[in-house]
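Undergrad: Just passing along the structure, written as structure tokens.
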Amino acid sequence: MPKVIVDEARCKGCELCTAACARKCLVMSTTFSVTGYYPSVCCAPERCTGCGLCAQVCPDLAITVFKEEKAKK
Amino acid sequence: MLQVNRRPESLCDVKMHYCPGCGHGIAHRLVAESMDELGVRERTIGVAPVGCAVFADDYFNCDMIQGPHGRGPAIATGLKRCKPDCIVFSYQGDGDLASIGMAETIHSAGRGENITVIFINNAIYGMTGGQMAPTTLVGQKATTCPQGRDPLVNGYPMRICELLSQLDGTRYLERVSIHSAAHVIKAKRAVKKAFRCQIEGRGFSLVEILSTCPTNMGISPLDAVKFVSDQMVPQYPLGVFKDFEGGKSDVSRD
Amino acid sequence: MGDKLLMKGNDALSEGAVRAGCRFFAGYPITPQNEVPEYMSWRMPQAGGAFIQAESEVAAINMLYGACATGKRTMTSSSSPGISLKQEGISYCAGADLPIFFANVARGGPGLGNIAGAQGDYFQSVRGGGHGDYRTFVMAPGSVQEMGNFPLHCYEVAEKYRVPAMVLADGVLGQMMEPLEFTFPEVDPQKLREPDWALGASTGRKKRAVRSYALAEGKLEIMTLDRAQRYKQIEEREVMFETRQCDDADLVLVAYGTSARACAAAQKLARAEGLKVGLFRPITLWPFPKKALLELAGRVDSFLVVEMSLGQMIDDVKLAVECSVPVHLHARCAGAIPTGEDIFQQLQAVLKAGKGECICCK
């Protein structure tokens with residue numbers, strides 16, 4: 001299953017990634033991060049395809065996406 | 001597991017100071033990825049502007065110089081003429097490039113200086129607090145045109161790519177946007193091509209990136225990207241204005 | 001090396017810079033310094049360097065900012081209004097510790113003024129010129145020979161202390177022809193050591209950044225104080241001046257550049273009359289030869305400062321002599337040149353007045 005890791009310390013809660021995800025895998029957390037923002041979190045890893053579009057629009061390079069090697073082929 | 005994306009080596013591993021949703025972070029990444037992929041990081045010199053991106057000299061992992069407001073292309077000219085083997089880029093905002101630095105922009109383009117200019121057009125002044133930019137849209141509010149830009153008082157917004165496309169010295173001009181993931185991917189192609197234009201010694205290249213400044217636009221980051229797609233793109237049509245490949249000089253609208 | 005040449009001051013300045021290793025020139029036409037970019041336009045490529053006619057003085061100084069950041073010896077030149085335009089860039093170079101070299105072939109001002117030689121840019125040159133707390137190493141040539149020699153010295157001082165350096169000439173020195181000889185060995189820029197701050201290929205080392213800003217609290221003060229240390233060293237070590245017949249003098253004329261030449265004529269007239277008149281010519285205007293003047297003040301009755309400006313350098317002379325003797329002024333301005341006869345007239349009156357009290361304390 002693909003994996004989306006949001007670096008909470010870098011995320012500034014701009015929400016751009018939530019709009020970029022066609023499968024609505026990302027939502028905003030309801031708790032503050034250490035830097036005082038509501039960071040985004042992956043709420044539905046089972047829906048994630050590992051397309052990486054969330055990372056494309058992240059201005060803070062806070063998102064790292066992993067996916068199965070097979071998925072590439 | 002396969003890592004789909006990773007932080008480019010050409011970007012220092014530091015947290016950027018930009019506001020939430022600011023387009024600079026994306027534009028920085030596109031420049032850095034291009035440097036990585038073209039293998040030129042260790043021979044690139046970047047010029048940081050005055051404005052929010054003044055700290056770009058801390059973010060790009062290559063030699064950097066920060067200079068006076070608007071003078072990026074002149075500084076880049078000096079660098080390039082002394083270090084012709086280096087790749088030199090100037091990163092500038094709309095006030096920097098299209099207002100105070102217009103002369104340097106036009107003349108470095110006119111000379112066909114073999115440099116790359118990354119032009120961030122977000123239609124507003126950022127660091128100074130939301131004043132009217134040369135690219136502020138008609139009707140758009142700014143702190144120095146609180147009723148909205150009135151052409152009778154403030155004049156009209158400037159289209160830089162169109163302007164520069166008239167100059168024989170320009171080799172590659174493209175306007176892109178970062179208001180969606182698809183556009184970010186396209187923007188990346190343009191930035192990389194602009195660097196390639198320089199690496200191949202073809203002459204002046206500029207990529208205008210329509211970007212956002214949620215803080216000074218006074219709207220959320222999501223509304224800001226909507227503003228870019230709905231308001232800015234009609235005023236600033238996306239596309240290639242000058243292309244060293246195929247010699248096309250007409251705009252291919254996208 | 002060693003050939004006797006007949007050159008215009010502006011050409012000598014340019015050739016002197018090339019022989020001192022300058023390999024980048026950017027400038028913009030303005031009278032009376034036009035010969036400099038004209039000369040550099042062919043000489044620079046011949047020497048393997050780059051010449052750019054910039055779109056403005058503003059662009060030219062910023063091209064220098066970039067070029068100098070690569071560690072090369074660079075030059076720009078202009079005349080008064082153009083130097084005003086360059087001040088922002090000069091301030092940035094001072095703030096970024098870049099050893100640029102530039103020349104002001106000054107003319108009458110303020111404003112567009114005229115195109116005659118003048119010394120009205122003294123304050124602008126020695127008091128900073130641009131914004132912020134900084135100094136520029138300023139050399140004032142008095143002959144075409146010195147126009148040719150001073151670029152090399154400017155580069156050496158500028159690089160040693162990482163400060164901008166300039167030649168403050170004027171339209172007279174720029175336009176006049178005199179014989180000169182380049183006696184210093186020509187500098188091969190390839191053999192100069194690349195400074196450890198120069199930008200370029202960063203393979204095998206950490207990235208470098210050239211900048212003039214520091215926003216973290218207290219950091220800019222630390223940077224500025226570090227620079228102040230270097231300024232202090234320059235004041236201690238790099239002062240240059242010339243004295244003529246000051247040993248027995250009752251009155252000493254103080255003048256630089258073109259006005260010092262007029263003073264030499266006046267001194268000749270005075271000495272022919274048996275009047276004990278000396279001539280003190282500051283060569284570096286910053287650092288100003290304060291110590292030497294103070295020392296001299298202990299031995300003479302008075303000073304007569306001669307300027308092609310409304311009394312600018314006289315402030316530095318007064319500060320230097322600490323009100324110990326009267327300091328008089330002979331000023332012409334706006335492109336007018338003092339004559340030996342006029343100065344001779346005034347020095348006779350000053351001598352008649354004798355030692356007396358300091359004028360400002362009276």
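In the structure tokens, each chain is lettered A, B, ... as it comes, each chain's residues begin at 1, and ligands are numbered from 1 in order of appearance.
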Need the shell around Ala55 of chain A: protein/DNA/RNA residues with any atom at most 8 Å away, counting only C-alpha atoms. Skip same-chain ones fewer than 2 positions apart. Format as a PDB file with C-alpha atoms, in the first residue's frame?
TA:
ATOM      1  CA  CYS A  17      -2.428  19.013  -0.802  1.00  0.00           C
ATOM      2  CA  GLY A  52       2.591  12.129  -5.665  1.00  0.00           C
ATOM      3  CA  LEU A  53       0.450  15.076  -6.727  1.00  0.00           C
ATOM      4  CA  VAL A  57       1.795  21.260  -4.751  1.00  0.00           C
ATOM      5  CA  CYS A  58       3.337  21.294  -1.287  1.00  0.00           C
ATOM      6  CA  LEU A  61       8.426  20.028   0.770  1.00  0.00           C
ATOM      7  CA  ALA A  62       6.729  18.508   3.767  1.00  0.00           C
ATOM      8  CA  ILE A  63       5.292  15.480   1.964  1.00  0.00           C
ATOM      9  CA  THR A  64       7.121  12.326   0.990  1.00  0.00           C
ATOM     10  CA  VAL A  65       5.274   9.657  -0.978  1.00  0.00           C
TER      11      VAL A  65
ATOM     12  CA  ASN B   5       9.535  12.168  -4.545  1.00  0.00           C
TER      13      ASN B   5
END
Undergrad: If you count only C-alpha atoms, which residues fall within 7 Å of segment 205-218 of chain C, apart from same-chain ones fewer than 5 positions away, as an mmCIF file with all heavy atoms, in the first residue's frame?
TA:
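Dumped to selection_21.cif:
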data_model
loop_
_atom_site.group_PDB
_atom_site.id
_atom_site.type_symbol
_atom_site.label_atom_id
_atom_site.label_comp_id
_atom_site.auth_asym_id
_atom_site.auth_seq_id
_atom_site.Cartn_x
_atom_site.Cartn_y
_atom_site.Cartn_z
ATOM 1 N N ASP B 57 19.079 32.887 -0.912
ATOM 2 C CA ASP B 57 20.506 32.556 -0.843
ATOM 3 C C ASP B 57 20.807 31.577 0.292
ATOM 4 O O ASP B 57 21.872 30.971 0.325
ATOM 5 C CB ASP B 57 21.383 33.817 -0.774
ATOM 6 C CG ASP B 57 21.060 34.703 0.425
ATOM 7 O OD1 ASP B 57 20.127 34.365 1.180
ATOM 8 O OD2 ASP B 57 21.730 35.730 0.591
ATOM 9 N N ASN B 61 21.157 25.304 -2.669
ATOM 10 C CA ASN B 61 22.428 24.694 -2.279
ATOM 11 C C ASN B 61 23.457 24.847 -3.395
ATOM 12 O O ASN B 61 23.997 23.878 -3.909
ATOM 13 C CB ASN B 61 22.197 23.214 -1.940
ATOM 14 C CG ASN B 61 23.437 22.569 -1.352
ATOM 15 O OD1 ASN B 61 24.345 23.255 -0.887
ATOM 16 N ND2 ASN B 61 23.481 21.248 -1.407
ATOM 17 N N CYS B 62 23.677 26.091 -3.792
ATOM 18 C CA CYS B 62 24.721 26.402 -4.768
ATOM 19 C C CYS B 62 25.240 27.785 -4.384
ATOM 20 O O CYS B 62 24.686 28.414 -3.482
ATOM 21 C CB CYS B 62 24.162 26.415 -6.188
ATOM 22 S SG CYS B 62 22.845 27.613 -6.448
ATOM 23 N N ASP B 63 26.294 28.242 -5.045
ATOM 24 C CA ASP B 63 26.787 29.582 -4.745
ATOM 25 C C ASP B 63 25.682 30.596 -5.029
ATOM 26 O O ASP B 63 24.976 30.482 -6.043
ATOM 27 C CB ASP B 63 28.032 29.896 -5.586
ATOM 28 C CG ASP B 63 29.297 29.330 -4.935
ATOM 29 O OD1 ASP B 63 29.157 28.564 -3.960
ATOM 30 O OD2 ASP B 63 30.400 29.656 -5.401
ATOM 31 N N MET B 64 25.553 31.561 -4.141
ATOM 32 C CA MET B 64 24.461 32.536 -4.269
ATOM 33 C C MET B 64 24.981 33.944 -4.007
ATOM 34 O O MET B 64 25.955 34.146 -3.282
ATOM 35 C CB MET B 64 23.345 32.223 -3.261
ATOM 36 C CG MET B 64 22.572 30.932 -3.476
ATOM 37 S SD MET B 64 21.539 30.913 -4.966
ATOM 38 C CE MET B 64 20.316 32.171 -4.623
ATOM 39 N N ILE B 65 24.293 34.888 -4.618
ATOM 40 C CA ILE B 65 24.597 36.292 -4.343
ATOM 41 C C ILE B 65 23.270 37.024 -4.199
ATOM 42 O O ILE B 65 22.316 36.732 -4.926
ATOM 43 C CB ILE B 65 25.489 36.907 -5.451
ATOM 44 C CG1 ILE B 65 25.835 38.374 -5.144
ATOM 45 C CG2 ILE B 65 24.862 36.786 -6.831
ATOM 46 C CD1 ILE B 65 26.934 38.950 -6.047
ATOM 47 N N GLN B 66 23.216 37.916 -3.241
ATOM 48 C CA GLN B 66 21.992 38.705 -3.046
ATOM 49 C C GLN B 66 22.339 40.156 -3.322
ATOM 50 O O GLN B 66 23.325 40.670 -2.810
ATOM 51 C CB GLN B 66 21.471 38.527 -1.620
ATOM 52 C CG GLN B 66 20.073 39.075 -1.388
ATOM 53 C CD GLN B 66 20.031 40.593 -1.276
ATOM 54 O OE1 GLN B 66 20.903 41.198 -0.707
ATOM 55 N NE2 GLN B 66 19.013 41.191 -1.864
ATOM 56 N N GLY B 67 21.537 40.789 -4.167
ATOM 57 C CA GLY B 67 21.891 42.150 -4.556
ATOM 58 C C GLY B 67 20.758 43.139 -4.466
ATOM 59 O O GLY B 67 19.689 42.827 -3.946
ATOM 60 N N TYR C 92 26.146 48.485 -1.604
ATOM 61 C CA TYR C 92 25.999 47.020 -1.540
ATOM 62 C C TYR C 92 27.367 46.336 -1.568
ATOM 63 O O TYR C 92 27.590 45.356 -0.858
ATOM 64 C CB TYR C 92 25.138 46.509 -2.697
ATOM 65 C CG TYR C 92 23.659 46.489 -2.371
ATOM 66 C CD1 TYR C 92 22.921 47.664 -2.303
ATOM 67 C CD2 TYR C 92 22.993 45.291 -2.114
ATOM 68 C CE1 TYR C 92 21.571 47.650 -1.995
ATOM 69 C CE2 TYR C 92 21.643 45.272 -1.811
ATOM 70 C CZ TYR C 92 20.929 46.445 -1.753
ATOM 71 O OH TYR C 92 19.601 46.424 -1.443
ATOM 72 N N GLY C 95 28.859 46.695 1.735
ATOM 73 C CA GLY C 95 28.172 45.816 2.686
ATOM 74 C C GLY C 95 28.498 44.353 2.482
ATOM 75 O O GLY C 95 28.441 43.555 3.410
ATOM 76 N N ALA C 96 28.832 43.992 1.229
ATOM 77 C CA ALA C 96 29.155 42.595 0.934
ATOM 78 C C ALA C 96 30.672 42.377 0.924
ATOM 79 O O ALA C 96 31.146 41.310 0.533
ATOM 80 C CB ALA C 96 28.545 42.188 -0.408
ATOM 81 N N TRP C 197 36.341 33.714 -0.936
ATOM 82 C CA TRP C 197 34.924 34.054 -0.930
ATOM 83 C C TRP C 197 34.345 34.097 -2.341
ATOM 84 O O TRP C 197 33.153 34.346 -2.517
ATOM 85 C CB TRP C 197 34.708 35.409 -0.241
ATOM 86 C CG TRP C 197 35.690 36.471 -0.672
ATOM 87 C CD1 TRP C 197 36.833 36.838 -0.017
ATOM 88 C CD2 TRP C 197 35.650 37.269 -1.867
ATOM 89 N NE1 TRP C 197 37.496 37.822 -0.723
ATOM 90 C CE2 TRP C 197 36.790 38.105 -1.862
ATOM 91 C CE3 TRP C 197 34.759 37.377 -2.946
ATOM 92 C CZ2 TRP C 197 37.065 39.022 -2.878
ATOM 93 C CZ3 TRP C 197 35.042 38.283 -3.963
ATOM 94 C CH2 TRP C 197 36.186 39.097 -3.923
ATOM 95 N N LEU C 199 32.731 33.439 -5.882
ATOM 96 C CA LEU C 199 31.699 32.537 -6.379
ATOM 97 C C LEU C 199 32.159 31.876 -7.669
ATOM 98 O O LEU C 199 32.943 32.431 -8.429
ATOM 99 C CB LEU C 199 30.403 33.310 -6.640
ATOM 100 C CG LEU C 199 29.833 34.131 -5.487
ATOM 101 C CD1 LEU C 199 28.504 34.775 -5.898
ATOM 102 C CD2 LEU C 199 29.638 33.274 -4.242
#
Undergrad: Find the distance between atom CA of Gly201 of chain B and atom CA of Tyr59 of chain B and write it in Å to one decimal.
TA: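 About the pair atom CA of Gly201 of chain B and atom CA of Tyr59 of chain B: they are 26.3 Å apart.
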Undergrad: Which chain B residues are at most 12 Å from chain A (counting only C-alpha atoms), as a PyMOL selection string?
TA: chain B and resi 1-8+11-30+32-33+59+177-188+211-215+219-226
Undergrad: Which residues are near Tyr156 of chain B? Cut-off 8 Å, only C-alpha atoms, ignore same chain within fewer than 4 positions. Put them as a ChimeraX atom specification.
TA: /B:134-135,137-138,151
Undergrad: Could you give me, as CSV, every chain B residue with an atom at most 8 Å from chain C, plus its closest atom pair and distance in Å to one decimal, counting only C-alpha atoms, rows ordered by chain then number?
TA:
residue,atom,partner,partner_atom,distance
B:Glu42,CA,C:Ser202,CA,4.9
B:Arg43,CA,C:Ala201,CA,4.2
B:Thr44,CA,C:Ala201,CA,6.9
B:Ile45,CA,C:Gly200,CA,6.6
B:Asp57,CA,C:Ala209,CA,6.5
B:Asn61,CA,C:Lys207,CA,6.4
B:Cys62,CA,C:Lys207,CA,5.2
B:Asp63,CA,C:Arg208,CA,4.8
B:Met64,CA,C:Ala209,CA,4.6
B:Ile65,CA,C:Val210,CA,4.6
B:Gln66,CA,C:Arg211,CA,5.0
B:Gly67,CA,C:Arg211,CA,6.8
B:Pro68,CA,C:Gly89,CA,7.0
B:Arg71,CA,C:Asn62,CA,6.4
B:Ala74,CA,C:Met63,CA,4.8
B:Ile75,CA,C:Gly66,CA,4.3
B:Ala76,CA,C:Gly66,CA,6.2
B:Thr77,CA,C:Met63,CA,6.0
B:Gly78,CA,C:Met63,CA,4.2
B:Leu79,CA,C:Gly66,CA,4.8
B:Lys80,CA,C:Ala67,CA,7.9
B:Arg81,CA,C:Ala50,CA,6.5
B:Cys82,CA,C:Ala67,CA,5.9
B:Lys83,CA,C:Gly200,CA,6.8
B:Cys86,CA,C:Gly200,CA,6.6
B:Ala103,CA,C:Glu55,CA,7.4
B:Glu104,CA,C:Ala59,CA,6.4
B:His107,CA,C:Glu55,CA,6.6
Undergrad: Would you mind reading off the distance between atom CA of Ala264 of chain C and atom CA of Phe101 of chain C, one decimal, in Å?
TA: 29.0 Å
Undergrad: Atom CA of Arg135 of chain C and atom CA of Tyr231 of chain C are how many Å apart?
TA: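 Interatomic distance here is 7.3 Å.
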Undergrad: Neighbours of Tyr122 of chain C within 9 Å (only C-alpha atoms; same-chain residues fewer than 4 positions away dropped), as a ChimeraX atom specification?
TA: /C:126-127,168,285,309,312-313
Undergrad: Take the residues from that selection and put them in a file with all heavy atoms, as a compact mmCIF listing (two decimals), in the first residue's frame.
TA:
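That gives us part_24.txt:
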# COMPACT_ATOMS: atom_id res chain seq x y z
N VAL C 126 34.37 60.83 0.30
CA VAL C 126 35.03 60.46 1.57
C VAL C 126 34.06 60.23 2.71
O VAL C 126 34.43 59.65 3.73
CB VAL C 126 36.07 61.52 2.00
CG1 VAL C 126 37.06 61.78 0.88
CG2 VAL C 126 35.41 62.82 2.43
N ARG C 127 32.83 60.68 2.55
CA ARG C 127 31.87 60.51 3.65
C ARG C 127 30.94 59.32 3.41
O ARG C 127 29.95 59.16 4.11
CB ARG C 127 31.04 61.78 3.84
CG ARG C 127 31.83 63.00 4.26
CD ARG C 127 32.19 62.95 5.73
NE ARG C 127 32.72 64.23 6.20
CZ ARG C 127 34.00 64.57 6.16
NH1 ARG C 127 34.89 63.72 5.67
NH2 ARG C 127 34.40 65.74 6.62
N LEU C 168 39.45 59.49 -7.35
CA LEU C 168 38.67 60.72 -7.53
C LEU C 168 39.53 61.68 -8.35
O LEU C 168 40.45 62.31 -7.83
CB LEU C 168 38.29 61.34 -6.19
CG LEU C 168 37.52 62.67 -6.29
CD1 LEU C 168 36.21 62.51 -7.04
CD2 LEU C 168 37.26 63.26 -4.90
N LEU C 285 42.36 60.59 0.15
CA LEU C 285 41.41 61.53 0.76
C LEU C 285 40.67 60.83 1.89
O LEU C 285 40.25 61.44 2.86
CB LEU C 285 40.44 62.06 -0.29
CG LEU C 285 41.13 62.82 -1.45
CD1 LEU C 285 40.09 63.33 -2.43
CD2 LEU C 285 41.99 63.96 -0.93
N SER C 309 35.79 73.49 -4.86
CA SER C 309 34.49 73.23 -4.25
C SER C 309 34.32 74.25 -3.14
O SER C 309 35.29 74.88 -2.73
CB SER C 309 34.41 71.80 -3.71
OG SER C 309 35.55 71.50 -2.94
N GLN C 312 34.97 71.92 1.21
CA GLN C 312 34.60 70.58 1.68
C GLN C 312 35.79 69.95 2.39
O GLN C 312 35.69 69.58 3.57
CB GLN C 312 34.13 69.72 0.50
CG GLN C 312 32.88 70.29 -0.17
CD GLN C 312 32.23 69.32 -1.16
OE1 GLN C 312 32.47 68.12 -1.14
NE2 GLN C 312 31.38 69.85 -2.03
N MET C 313 36.94 69.87 1.70
CA MET C 313 38.10 69.25 2.34
C MET C 313 38.55 70.06 3.55
O MET C 313 39.16 69.53 4.48
CB MET C 313 39.25 69.09 1.35
CG MET C 313 40.43 68.34 1.93
SD MET C 313 41.76 68.06 0.78
CE MET C 313 42.45 69.70 0.66
Undergrad: Quick one: residues within 10 Å of Ala249 of chain C, only C-alpha atoms counted, chain neighbours fewer than 4 positions away excluded, as a ChimeraX atom specification?
TA: /C:244-245,253,275-279,296,299-302
Undergrad: Suppose we keep N, CA and C atoms; can you now write the selection as a CSV table (one decimal), in the first residue's frame?
TA:
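Saved result, again34.csv, follows:
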chain,number,residue,atom,x,y,z
C,244,ARG,N,55.7,69.5,-0.2
C,244,ARG,CA,56.8,70.3,-0.9
C,244,ARG,C,57.2,71.5,-0.1
C,245,GLN,N,58.4,71.5,0.2
C,245,GLN,CA,59.0,72.7,1.0
C,245,GLN,C,58.1,73.1,2.2
C,253,LEU,N,49.9,75.5,2.0
C,253,LEU,CA,48.8,75.3,1.1
C,253,LEU,C,48.4,73.9,1.2
C,275,LEU,N,58.8,84.3,0.1
C,275,LEU,CA,57.8,83.9,1.1
C,275,LEU,C,57.9,82.4,1.4
C,276,LYS,N,57.9,82.1,2.7
C,276,LYS,CA,58.0,80.7,3.0
C,276,LYS,C,56.7,79.9,3.0
C,277,VAL,N,56.4,79.4,1.8
C,277,VAL,CA,55.1,78.8,1.6
C,277,VAL,C,55.4,77.3,1.3
C,278,GLY,N,54.7,76.4,1.9
C,278,GLY,CA,54.8,75.0,1.7
C,278,GLY,C,53.5,74.5,1.0
C,279,LEU,N,53.6,73.3,0.5
C,279,LEU,CA,52.4,72.7,-0.1
C,279,LEU,C,52.2,71.2,0.4
C,296,LEU,N,52.3,69.1,11.4
C,296,LEU,CA,52.7,70.3,10.7
C,296,LEU,C,52.1,71.6,11.3
C,299,ARG,N,54.2,73.6,13.6
C,299,ARG,CA,55.4,74.3,13.1
C,299,ARG,C,55.0,75.5,12.2
C,300,VAL,N,53.8,75.6,11.8
C,300,VAL,CA,53.4,76.7,10.8
C,300,VAL,C,52.5,77.7,11.5
C,301,ASP,N,52.4,78.8,10.8
C,301,ASP,CA,51.5,79.9,11.4
C,301,ASP,C,50.0,79.6,10.9
C,302,SER,N,49.8,79.2,9.7
C,302,SER,CA,48.5,79.0,9.2
C,302,SER,C,48.4,78.1,8.0
Undergrad: At a cut-off of 9 Å, using only C-alpha atoms, what residues contact Glu357 of chain C? Leave out same-chain residues fewer than 6 positions from it and give the result as a list in words.
TA: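 In the requested format, the answer is Cys323, Ser324, Val325 and Pro326 of chain C.
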Undergrad: Include C-alpha atoms and write out the residues we just selected as a PDB file, in the first residue's frame.
TA:
ATOM      1  CA  CYS C 323      41.916  74.404  15.931  1.00  0.00           C
ATOM      2  CA  SER C 324      45.581  74.934  16.770  1.00  0.00           C
ATOM      3  CA  VAL C 325      46.184  77.400  13.909  1.00  0.00           C
ATOM      4  CA  PRO C 326      43.953  79.372  11.526  1.00  0.00           C
TER       5      PRO C 326
END
Undergrad: If you run DSSP on the backbone, which residues of segment 175-291 of chain C are helix (DSSP H, G or I), as a ChimeraX atom specification?
TA: /C:175,189-191,219-237,257-272,290-291
Undergrad: Mind dumping the selected residues with C-alpha atoms as a PDB file, in the first residue's frame?
TA:
ATOM      1  CA  GLN C 175      41.230  65.296 -20.503  1.00  0.00           C
ATOM      2  CA  PRO C 189      45.349  37.933 -13.398  1.00  0.00           C
ATOM      3  CA  GLN C 190      45.822  34.181 -13.861  1.00  0.00           C
ATOM      4  CA  LYS C 191      48.543  34.315 -11.259  1.00  0.00           C
ATOM      5  CA  LYS C 219      24.401  40.239  13.514  1.00  0.00           C
ATOM      6  CA  LEU C 220      24.640  43.303  11.307  1.00  0.00           C
ATOM      7  CA  GLU C 221      26.366  45.201  14.070  1.00  0.00           C
ATOM      8  CA  ILE C 222      28.939  42.433  14.431  1.00  0.00           C
ATOM      9  CA  MET C 223      29.561  42.515  10.662  1.00  0.00           C
ATOM     10  CA  THR C 224      29.826  46.306  10.671  1.00  0.00           C
ATOM     11  CA  LEU C 225      32.177  46.356  13.641  1.00  0.00           C
ATOM     12  CA  ASP C 226      34.389  43.818  11.919  1.00  0.00           C
ATOM     13  CA  ARG C 227      34.525  46.155   8.944  1.00  0.00           C
ATOM     14  CA  ALA C 228      35.265  49.068  11.282  1.00  0.00           C
ATOM     15  CA  GLN C 229      38.363  47.200  12.451  1.00  0.00           C
ATOM     16  CA  ARG C 230      39.560  47.065   8.867  1.00  0.00           C
ATOM     17  CA  TYR C 231      38.787  50.762   8.434  1.00  0.00           C
ATOM     18  CA  LYS C 232      40.940  51.453  11.465  1.00  0.00           C
ATOM     19  CA  GLN C 233      43.802  49.461   9.982  1.00  0.00           C
ATOM     20  CA  ILE C 234      43.481  51.381   6.730  1.00  0.00           C
ATOM     21  CA  GLU C 235      43.626  54.670   8.641  1.00  0.00           C
ATOM     22  CA  GLU C 236      46.743  53.481  10.409  1.00  0.00           C
ATOM     23  CA  ARG C 237      48.575  52.000   7.438  1.00  0.00           C
ATOM     24  CA  GLY C 257      44.348  66.887  -7.550  1.00  0.00           C
ATOM     25  CA  THR C 258      44.011  69.735 -10.024  1.00  0.00           C
ATOM     26  CA  SER C 259      43.878  72.450  -7.352  1.00  0.00           C
ATOM     27  CA  ALA C 260      47.204  71.174  -6.004  1.00  0.00           C
ATOM     28  CA  ARG C 261      48.696  71.880  -9.440  1.00  0.00           C
ATOM     29  CA  ALA C 262      47.466  75.479  -9.223  1.00  0.00           C
ATOM     30  CA  CYS C 263      48.937  75.631  -5.731  1.00  0.00           C
ATOM     31  CA  ALA C 264      52.299  74.531  -7.038  1.00  0.00           C
ATOM     32  CA  ALA C 265      52.253  77.513  -9.386  1.00  0.00           C
ATOM     33  CA  ALA C 266      51.322  79.845  -6.515  1.00  0.00           C
ATOM     34  CA  GLN C 267      54.045  78.356  -4.357  1.00  0.00           C
ATOM     35  CA  LYS C 268      56.590  79.050  -7.077  1.00  0.00           C
ATOM     36  CA  LEU C 269      55.503  82.702  -7.229  1.00  0.00           C
ATOM     37  CA  ALA C 270      55.666  82.959  -3.446  1.00  0.00           C
ATOM     38  CA  ARG C 271      59.066  81.356  -3.111  1.00  0.00           C
ATOM     39  CA  ALA C 272      60.397  83.706  -5.809  1.00  0.00           C
ATOM     40  CA  LYS C 290      45.307  63.762   9.777  1.00  0.00           C
ATOM     41  CA  LYS C 291      48.428  62.961  11.795  1.00  0.00           C
TER      42      LYS C 291
END
Undergrad: Using backbone DSSP assignments, extract all strand (DSSP E) residues from segment 116-346 of chain C; output them as an MDAnalysis selection string.
TA: chainID C and resid 137:139 165:170 177:181 209:210 241:244 251:254 277:282 284:286 302:307 327:331
Undergrad: Export C-alpha atoms of the chosen residues as a CSV table (one decimal), in the first residue's frame?
TA:
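What follows is the written file selection-v4.csv:
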chain,number,residue,atom,x,y,z
C,137,PHE,CA,39.3,54.1,0.0
C,138,VAL,CA,39.8,57.2,-2.1
C,139,MET,CA,42.9,58.2,-4.1
C,165,ALA,CA,38.3,51.7,-3.7
C,166,MET,CA,38.1,54.7,-6.0
C,167,VAL,CA,40.1,57.2,-7.9
C,168,LEU,CA,38.7,60.7,-7.5
C,169,ALA,CA,39.9,62.7,-10.5
C,170,ASP,CA,38.3,65.5,-12.4
C,177,MET,CA,47.7,64.8,-22.0
C,178,GLU,CA,51.0,64.3,-20.3
C,179,PRO,CA,53.9,62.0,-20.6
C,180,LEU,CA,53.9,58.9,-18.4
C,181,GLU,CA,55.7,55.7,-17.9
C,209,ALA,CA,27.0,33.4,-0.5
C,210,VAL,CA,27.7,37.0,-1.1
C,241,PHE,CA,50.4,62.4,1.0
C,242,GLU,CA,53.1,64.6,-0.6
C,243,THR,CA,54.8,67.6,0.9
C,244,ARG,CA,56.8,70.3,-0.9
C,251,LEU,CA,52.1,79.0,5.6
C,252,VAL,CA,51.1,75.7,4.1
C,253,LEU,CA,48.8,75.3,1.1
C,254,VAL,CA,46.6,72.2,1.3
C,277,VAL,CA,55.1,78.8,1.6
C,278,GLY,CA,54.8,75.0,1.7
C,279,LEU,CA,52.4,72.7,-0.1
C,280,PHE,CA,50.7,69.7,1.4
C,281,ARG,CA,48.9,67.4,-1.0
C,282,PRO,CA,46.7,64.6,0.4
C,284,THR,CA,44.5,59.5,-0.1
C,285,LEU,CA,41.4,61.5,0.8
C,286,TRP,CA,40.1,58.7,2.9
C,302,SER,CA,48.5,79.0,9.2
C,303,PHE,CA,47.0,76.8,6.5
C,304,LEU,CA,45.3,77.9,3.3
C,305,VAL,CA,43.1,75.2,1.8
C,306,VAL,CA,42.5,75.5,-1.9
C,307,GLU,CA,39.6,73.7,-3.4
C,327,VAL,CA,42.8,77.5,8.5
C,328,HIS,CA,41.8,79.7,5.5
C,329,LEU,CA,40.0,78.8,2.4
C,330,HIS,CA,40.4,79.7,-1.3
C,331,ALA,CA,37.4,78.2,-3.1
